[in-house]
>>> print(open('target.csv').read())   # CSV, C-alpha atoms and all ligand atoms
chain,number,residue,atom,x,y,z
A,1,MET,CA,60.7,-39.3,128.5
A,2,ARG,CA,62.2,-37.8,125.4
A,3,GLY,CA,59.6,-36.4,122.9
A,4,ARG,CA,59.4,-37.5,119.3
A,5,LEU,CA,60.1,-35.2,116.4
A,6,VAL,CA,59.9,-35.8,112.6
A,7,ALA,CA,61.2,-33.0,110.3
A,8,GLY,CA,60.7,-32.9,106.6
A,9,ASN,CA,63.6,-31.4,104.6
A,10,TRP,CA,62.3,-30.4,101.3
A,11,LYS,CA,65.8,-29.5,99.9
A,12,SER,CA,65.5,-27.5,96.7
A,13,ASN,CA,62.0,-28.7,95.8
A,14,GLY,CA,58.6,-27.1,95.7
A,15,ASP,CA,56.7,-24.4,94.0
A,16,LEU,CA,53.8,-22.2,95.2
A,17,ALA,CA,51.1,-24.4,93.7
A,18,ALA,CA,52.5,-27.7,94.8
A,19,ASN,CA,53.3,-26.4,98.3
A,20,GLN,CA,49.8,-25.1,98.8
A,21,LEU,CA,48.4,-28.6,98.2
A,22,LEU,CA,51.0,-30.3,100.3
A,23,LEU,CA,50.6,-27.9,103.2
A,24,GLY,CA,46.9,-28.2,103.1
A,25,HIS,CA,47.1,-32.0,103.4
A,26,LEU,CA,49.7,-31.8,106.2
A,27,ARG,CA,47.7,-29.3,108.2
A,28,ALA,CA,44.6,-31.4,108.1
A,29,ALA,CA,46.3,-34.7,108.9
A,30,ALA,CA,48.6,-33.4,111.6
A,31,ALA,CA,45.7,-32.2,113.7
A,32,GLY,CA,45.0,-35.8,114.6
A,33,LEU,CA,48.5,-36.6,115.8
A,34,GLN,CA,49.7,-36.6,119.4
A,35,GLY,CA,53.0,-37.2,121.0
A,36,VAL,CA,55.1,-36.1,118.0
A,37,ASP,CA,56.3,-32.7,116.8
A,38,CYS,CA,56.1,-32.4,113.0
A,39,VAL,CA,58.3,-29.8,111.3
A,40,VAL,CA,58.6,-28.6,107.7
A,41,CYS,CA,62.0,-27.3,106.6
A,42,ALA,CA,61.5,-25.5,103.3
A,43,PRO,CA,63.5,-23.3,100.9
A,44,TYR,CA,63.7,-19.7,102.1
A,45,PRO,CA,61.4,-18.1,99.6
A,46,TYR,CA,58.5,-20.3,100.7
A,47,LEU,CA,58.7,-19.6,104.4
A,48,PHE,CA,56.3,-16.7,103.9
A,49,GLN,CA,53.8,-19.0,102.3
A,50,ILE,CA,54.3,-21.6,105.0
A,51,GLN,CA,53.8,-19.0,107.7
A,52,GLN,CA,50.5,-18.0,106.1
A,53,LEU,CA,49.3,-21.6,105.6
A,54,LEU,CA,50.5,-23.3,108.7
A,55,ALA,CA,49.9,-20.5,111.3
A,56,GLY,CA,47.7,-21.8,114.1
A,57,SER,CA,48.3,-25.5,113.1
A,58,THR,CA,50.1,-28.1,115.1
A,59,LEU,CA,52.9,-28.1,112.6
A,60,THR,CA,56.0,-26.0,113.0
A,61,TRP,CA,58.6,-25.0,110.4
A,62,GLY,CA,62.2,-24.1,109.9
A,63,GLY,CA,65.0,-23.2,107.5
A,64,GLN,CA,67.4,-25.7,105.8
A,65,ASP,CA,70.4,-23.6,106.7
A,66,VAL,CA,71.2,-20.3,108.4
A,67,SER,CA,74.0,-17.8,108.2
A,68,GLN,CA,76.7,-17.9,110.8
A,69,PHE,CA,76.7,-14.1,110.7
A,70,GLY,CA,74.2,-11.5,111.8
A,71,ALA,CA,72.9,-8.6,109.6
A,72,GLY,CA,75.5,-7.0,107.4
A,73,ALA,CA,77.4,-7.3,104.1
A,74,TYR,CA,77.1,-11.1,103.6
A,75,THR,CA,75.5,-11.3,100.1
A,76,GLY,CA,73.2,-14.3,99.8
A,77,ALA,CA,73.1,-15.2,103.4
A,78,VAL,CA,69.9,-15.4,105.5
A,79,THR,CA,70.2,-14.6,109.2
A,80,ALA,CA,68.6,-16.5,112.1
A,81,ALA,CA,66.7,-13.3,113.0
A,82,MET,CA,65.1,-13.3,109.5
A,83,LEU,CA,64.1,-16.9,109.9
A,84,ARG,CA,62.5,-15.9,113.2
A,85,GLU,CA,60.5,-13.2,111.5
A,86,PHE,CA,58.9,-15.8,109.3
A,87,GLY,CA,57.9,-17.9,112.3
A,88,CYS,CA,60.6,-20.5,112.0
A,89,ARG,CA,61.3,-22.5,115.2
A,90,TYR,CA,64.1,-24.6,113.7
A,91,ALA,CA,67.2,-24.4,111.5
A,92,ILE,CA,69.0,-27.3,110.0
A,93,VAL,CA,72.8,-26.9,110.3
A,94,GLY,CA,75.5,-29.0,108.8
A,95,HIS,CA,73.5,-31.1,106.4
A,96,SER,CA,75.8,-33.3,104.5
A,97,GLU,CA,74.9,-31.6,101.2
A,98,ARG,CA,76.0,-28.3,102.8
A,99,ARG,CA,79.2,-29.9,103.9
A,100,SER,CA,80.0,-31.7,100.7
A,101,ILE,CA,78.6,-29.4,98.0
A,102,PHE,CA,79.0,-26.0,99.6
A,103,GLY,CA,82.2,-26.7,101.5
A,104,GLU,CA,81.0,-26.2,105.1
A,105,ASN,CA,83.4,-27.5,107.6
A,106,ASN,CA,82.9,-28.3,111.3
A,107,ALA,CA,83.9,-24.8,112.4
A,108,MET,CA,81.4,-23.1,110.1
A,109,VAL,CA,78.7,-25.6,111.2
A,110,ALA,CA,79.5,-24.8,114.8
A,111,ALA,CA,79.2,-21.0,114.1
A,112,LYS,CA,75.8,-21.6,112.4
A,113,PHE,CA,74.7,-23.7,115.3
A,114,GLY,CA,75.6,-20.8,117.7
A,115,ALA,CA,73.9,-18.2,115.5
A,116,ALA,CA,70.6,-20.2,115.4
A,117,LEU,CA,70.6,-20.7,119.1
A,118,GLN,CA,71.4,-17.1,119.9
A,119,ALA,CA,68.3,-16.0,117.9
A,120,GLY,CA,66.1,-18.5,119.7
A,121,LEU,CA,65.9,-21.1,117.0
A,122,THR,CA,66.4,-24.8,117.8
A,123,PRO,CA,69.3,-26.0,115.6
A,124,ILE,CA,68.9,-29.5,114.0
A,125,LEU,CA,72.6,-30.5,113.9
A,126,CYS,CA,73.3,-33.0,111.1
A,127,VAL,CA,76.2,-35.5,111.5
A,128,GLY,CA,77.1,-38.6,109.5
A,129,GLU,CA,79.9,-40.4,107.7
A,130,THR,CA,80.4,-41.3,104.1
A,131,LEU,CA,80.4,-44.8,102.8
A,132,GLN,CA,84.2,-44.7,102.5
A,133,GLU,CA,84.5,-43.6,106.1
A,134,ARG,CA,82.1,-46.3,107.3
A,135,GLU,CA,83.9,-49.0,105.3
A,136,SER,CA,87.3,-47.9,106.7
A,137,GLY,CA,86.0,-48.1,110.2
A,138,ALA,CA,86.0,-44.3,110.8
A,139,MET,CA,82.3,-43.7,111.6
A,140,GLU,CA,82.9,-42.9,115.3
A,141,GLN,CA,85.9,-40.8,114.5
A,142,VAL,CA,84.1,-38.7,111.9
A,143,VAL,CA,80.8,-38.3,113.8
A,144,GLY,CA,82.6,-37.8,117.1
A,145,ALA,CA,84.6,-34.9,115.6
A,146,GLN,CA,81.4,-33.4,114.2
A,147,ILE,CA,79.8,-33.5,117.6
A,148,ASP,CA,82.9,-32.3,119.4
A,149,ALA,CA,83.3,-29.2,117.2
A,150,VAL,CA,79.9,-28.0,118.3
A,151,VAL,CA,80.4,-28.9,122.0
A,152,THR,CA,83.7,-27.1,122.0
A,153,ALA,CA,82.4,-24.0,120.4
A,154,ALA,CA,79.0,-23.7,122.1
A,155,GLY,CA,79.4,-25.8,125.3
A,156,VAL,CA,77.6,-29.1,126.0
A,157,ALA,CA,74.7,-27.3,127.7
A,158,ALA,CA,73.8,-25.8,124.3
A,159,LEU,CA,72.9,-29.3,123.1
A,160,GLY,CA,70.1,-29.2,125.6
A,161,LYS,CA,68.4,-26.7,123.3
A,162,ALA,CA,69.1,-28.5,120.1
A,163,VAL,CA,68.3,-31.7,118.2
A,164,VAL,CA,70.9,-33.9,116.5
A,165,ALA,CA,70.2,-35.8,113.3
A,166,TYR,CA,72.4,-38.8,112.4
A,167,GLU,CA,72.3,-39.0,108.6
A,168,PRO,CA,74.8,-41.5,107.1
A,169,VAL,CA,75.7,-39.9,103.7
A,170,TRP,CA,75.5,-43.3,102.0
A,171,ALA,CA,71.8,-43.6,103.0
A,172,ILE,CA,70.7,-40.2,101.8
A,173,GLY,CA,68.6,-40.3,98.6
A,174,THR,CA,70.0,-43.7,97.8
A,175,GLY,CA,67.1,-45.8,98.9
A,176,LYS,CA,69.7,-47.6,101.0
A,177,THR,CA,68.5,-47.2,104.6
A,178,ALA,CA,70.7,-48.0,107.5
A,179,THR,CA,69.4,-51.0,109.3
A,180,PRO,CA,67.7,-50.2,112.6
A,181,GLU,CA,70.7,-51.9,114.3
A,182,GLN,CA,73.3,-49.8,112.4
A,183,ALA,CA,71.3,-46.6,113.2
A,184,GLN,CA,70.8,-47.6,116.8
A,185,ALA,CA,74.6,-48.2,117.2
A,186,ALA,CA,75.4,-44.8,115.8
A,187,HIS,CA,72.8,-43.0,117.9
A,188,ALA,CA,74.0,-44.8,121.0
A,189,PHE,CA,77.5,-43.7,120.2
A,190,ILE,CA,76.4,-40.1,119.8
A,191,ARG,CA,74.5,-40.2,123.1
A,192,SER,CA,77.5,-41.7,124.9
A,193,ARG,CA,79.9,-39.2,123.5
A,194,ILE,CA,77.7,-36.4,124.9
A,195,ALA,CA,77.0,-38.2,128.1
A,196,ALA,CA,80.7,-38.2,128.8
A,197,GLN,CA,80.4,-34.4,129.2
A,198,ASP,CA,76.8,-34.2,130.6
A,199,ALA,CA,74.7,-37.2,131.3
A,200,VAL,CA,71.4,-35.2,131.7
A,201,VAL,CA,71.8,-33.3,128.4
A,202,ALA,CA,72.6,-36.6,126.7
A,203,ALA,CA,69.6,-38.4,128.2
A,204,GLU,CA,67.2,-35.7,127.1
A,205,LEU,CA,68.6,-35.0,123.6
A,206,LYS,CA,66.4,-36.0,120.7
A,207,ILE,CA,68.5,-37.8,118.1
A,208,LEU,CA,66.8,-38.2,114.7
A,209,TYR,CA,67.7,-40.7,112.0
A,210,GLY,CA,67.8,-39.5,108.4
A,211,GLY,CA,68.5,-41.4,105.1
A,212,SER,CA,65.9,-43.0,102.9
A,213,VAL,CA,63.2,-43.1,105.7
A,214,LYS,CA,59.9,-44.1,104.2
A,215,ALA,CA,56.5,-45.0,105.6
A,216,ALA,CA,57.5,-48.7,105.1
A,217,ASN,CA,60.6,-48.6,107.2
A,218,ALA,CA,59.9,-45.9,109.8
A,219,ALA,CA,58.3,-48.0,112.5
A,220,GLN,CA,61.3,-50.4,112.7
A,221,LEU,CA,63.7,-47.5,113.0
A,222,PHE,CA,61.6,-45.6,115.6
A,223,ALA,CA,61.3,-48.8,117.7
A,224,MET,CA,65.1,-48.5,118.6
A,225,PRO,CA,65.7,-47.0,122.0
A,226,ASP,CA,68.0,-44.2,120.9
A,227,ILE,CA,66.1,-43.1,117.8
A,228,ASP,CA,63.7,-40.3,118.6
A,229,GLY,CA,62.3,-39.5,115.2
A,230,GLY,CA,63.4,-38.8,111.7
A,231,LEU,CA,64.8,-36.2,109.2
A,232,ILE,CA,63.0,-36.9,106.0
A,233,GLY,CA,64.0,-35.9,102.5
A,234,GLY,CA,62.1,-37.3,99.5
A,235,ALA,CA,59.3,-38.8,101.5
A,236,ALA,CA,58.5,-35.4,103.0
A,237,LEU,CA,57.3,-34.2,99.6
A,238,VAL,CA,54.4,-36.7,99.6
A,239,ALA,CA,51.7,-35.8,102.2
A,240,GLU,CA,50.6,-39.4,102.8
A,241,GLU,CA,54.1,-40.7,103.2
A,242,PHE,CA,55.2,-37.9,105.5
A,243,MET,CA,52.1,-38.2,107.7
A,244,ALA,CA,52.5,-42.0,107.9
A,245,ILE,CA,56.1,-41.4,109.1
A,246,CYS,CA,54.9,-38.9,111.7
A,247,LYS,CA,52.3,-41.4,112.8
A,248,ALA,CA,54.9,-44.1,113.2
A,249,ALA,CA,56.8,-41.8,115.5
A,250,GLN,CA,53.9,-41.3,117.9
A,251,ARG,CA,54.5,-42.6,121.3
A,252,HIS,CA,51.8,-45.1,122.2
B,301,LIG,P1,66.2,-38.8,101.9
B,301,LIG,O1,65.1,-39.1,102.9
B,301,LIG,O2,65.7,-38.4,100.6
B,301,LIG,O3,67.2,-40.0,101.8
B,301,LIG,O4,67.0,-37.6,102.4
B,301,LIG,C1,67.4,-37.6,103.8
B,301,LIG,C2,67.9,-36.3,104.1
B,301,LIG,O5,69.0,-35.8,103.6
B,301,LIG,C3,67.2,-35.4,105.0
B,301,LIG,O6,67.8,-34.3,105.5
>>> encode(input="target.csv", output="structure tokens")
Amino acid sequence: MRGRLVAGNWKSNGDLAANQLLLGHLRAAAAGLQGVDCVVCAPYPYLFQIQQLLAGSTLTWGGQDVSQFGAGAYTGAVTAAMLREFGCRYAIVGHSERRSIFGENNAMVAAKFGAALQAGLTPILCVGETLQERESGAMEQVVGAQIDAVVTAAGVAALGKAVVAYEPVWAIGTGKTATPEQAQAAHAFIRSRIAAQDAVVAAELKILYGGSVKAANAAQLFAMPDIDGGLIGGAALVAEEFMAICKAAQRH
């Protein structure tokens, strides 16, 4: 059976004092959880603090992005090996904010995915369509191309060492969650797209849903057969909310 995973994406939020409080709460509360992996993806400068405060806990952590390059003359870029040095197990790649605000295309995302994997990180590959794409009936075309770019570059077996997050852009930070049925349909599409190449990899792949997940709607989403957890933005900054979402993802 596929495991469950809930990852918090802090985005560009946090400060040393607030992080310390939040991490303390998470550390204590996560100790009581079973059957779900809880991950914190924080801004780069705070990974050192996270390593100090979460070491030896049941929580793991990761970067929100990673360079597609190794060490060298790439001003501003943070390599996968650097993330590893700070204890990261995961790196988010291809978040829609990276794609739309920072101009990352499918080829760059595929390169970042490969760099993370090569350094021993588990990439959390984000895919998802805009509202306009959904309304014009292009969801499968857009999400399919996002998945295919990675499969073509890294091989389908690489998805066996990764996590996919379906995050419809129209649901991110808008309070407008996809219905469980909409999310399930997209997740089933993603799984079938991958199954066409490798049924075992597809069956074992964790596919997370992201976009306005809250404690109040998490259980309905996680009850769907192809939803294996969540990628959480705003609600990940509130300890009780994040922990309630992790709890809702536990397998009973
Ligand atoms: P919100 O949960 O704030 O909608 O953000 C979702 C997200 O983008 C997680 O990566």
>>> atom_distance(input="target.csv", atom1="atom CA of Ile194 of chain A", atom2="atom CA of Trp170 of chain A")
24.0 Å
>>> closest_residue(input="target.csv", among="A:Thr58, A:Gln64, A:Thr79, A:Gln146", to="Gln118 of chain A", atoms="only C-alpha atoms")
A:Thr79
>>> closest_residue(input="target.csv", among="A:Ala171, A:Ile190, A:Ala28, A:Ala244", to="ligand LIG 301 (chain B)", atoms="only C-alpha atoms and all ligand atoms")
A:Ala171
>>> residues_near_ligand(input="target.csv", ligand="ligand LIG 301 (chain B)", cutoff="10 Å", atoms="all atoms listed in the file", output="count of residues only")
41
>>> atom_distance(input="target.csv", atom1="atom CA of Val127 of chain A", atom2="atom CA of Val143 of chain A")
5.9 Å
>>> residues_around(input="target.csv", residues="Leu83 of chain A", least_positions_apart="2", cutoff="10 Å", atoms="only C-alpha atoms", output="NGL selection string")
:A and (44 or 47-48 or 61-63 or 65-66 or 78-81 or 85-91 or 116 or 119 or 121)
>>> atom_distance(input="target.csv", atom1="atom CA of Thr75 of chain A", atom2="atom CA of Pro45 of chain A")
15.7 Å
>>> residues_around(input="target.csv", residues="Arg27 of chain A", least_positions_apart="3", cutoff="10 Å", atoms="all atoms listed in the file", output="list in words")
Leu22, Leu23, Gly24, Ala30, Ala31, Gly32, Leu53, Leu54, Ala55, Gly56, Ser57, Thr58, Leu59, Ala239 and Met243 of chain A
>>> closest_residue(input="target.csv", among="A:Ile227, A:Met108, A:Leu208, A:Ala73", to="Val163 of chain A", atoms="all atoms listed in the file")
A:Leu208
>>> decode(input="target.csv", residues="segment 105-131 of chain A", atoms="C-alpha atoms", output="CSV table (one decimal), in the first residue's frame")
chain,number,residue,atom,x,y,z
A,105,ASN,CA,9.8,25.9,-18.1
A,106,ASN,CA,9.3,22.1,-18.3
A,107,ALA,CA,12.9,21.5,-19.5
A,108,MET,CA,14.3,23.4,-16.5
A,109,VAL,CA,12.0,21.6,-14.1
A,110,ALA,CA,13.1,18.3,-15.6
A,111,ALA,CA,16.8,19.3,-15.1
A,112,LYS,CA,16.1,20.3,-11.5
A,113,PHE,CA,14.3,17.0,-10.9
A,114,GLY,CA,17.4,15.1,-12.2
A,115,ALA,CA,19.8,17.2,-10.1
A,116,ALA,CA,17.8,16.5,-6.9
A,117,LEU,CA,17.6,12.8,-7.7
A,118,GLN,CA,21.3,12.5,-8.5
A,119,ALA,CA,22.2,14.0,-5.1
A,120,GLY,CA,19.9,11.6,-3.3
A,121,LEU,CA,17.0,14.0,-2.6
A,122,THR,CA,13.4,13.0,-3.3
A,123,PRO,CA,12.0,15.5,-5.7
A,124,ILE,CA,8.4,16.7,-5.1
A,125,LEU,CA,7.4,17.4,-8.7
A,126,CYS,CA,4.6,20.0,-8.9
A,127,VAL,CA,2.2,20.0,-11.8
A,128,GLY,CA,-1.1,21.8,-12.4
A,129,GLU,CA,-3.1,23.9,-14.8
A,130,THR,CA,-4.3,27.5,-14.7
A,131,LEU,CA,-7.9,28.4,-14.5
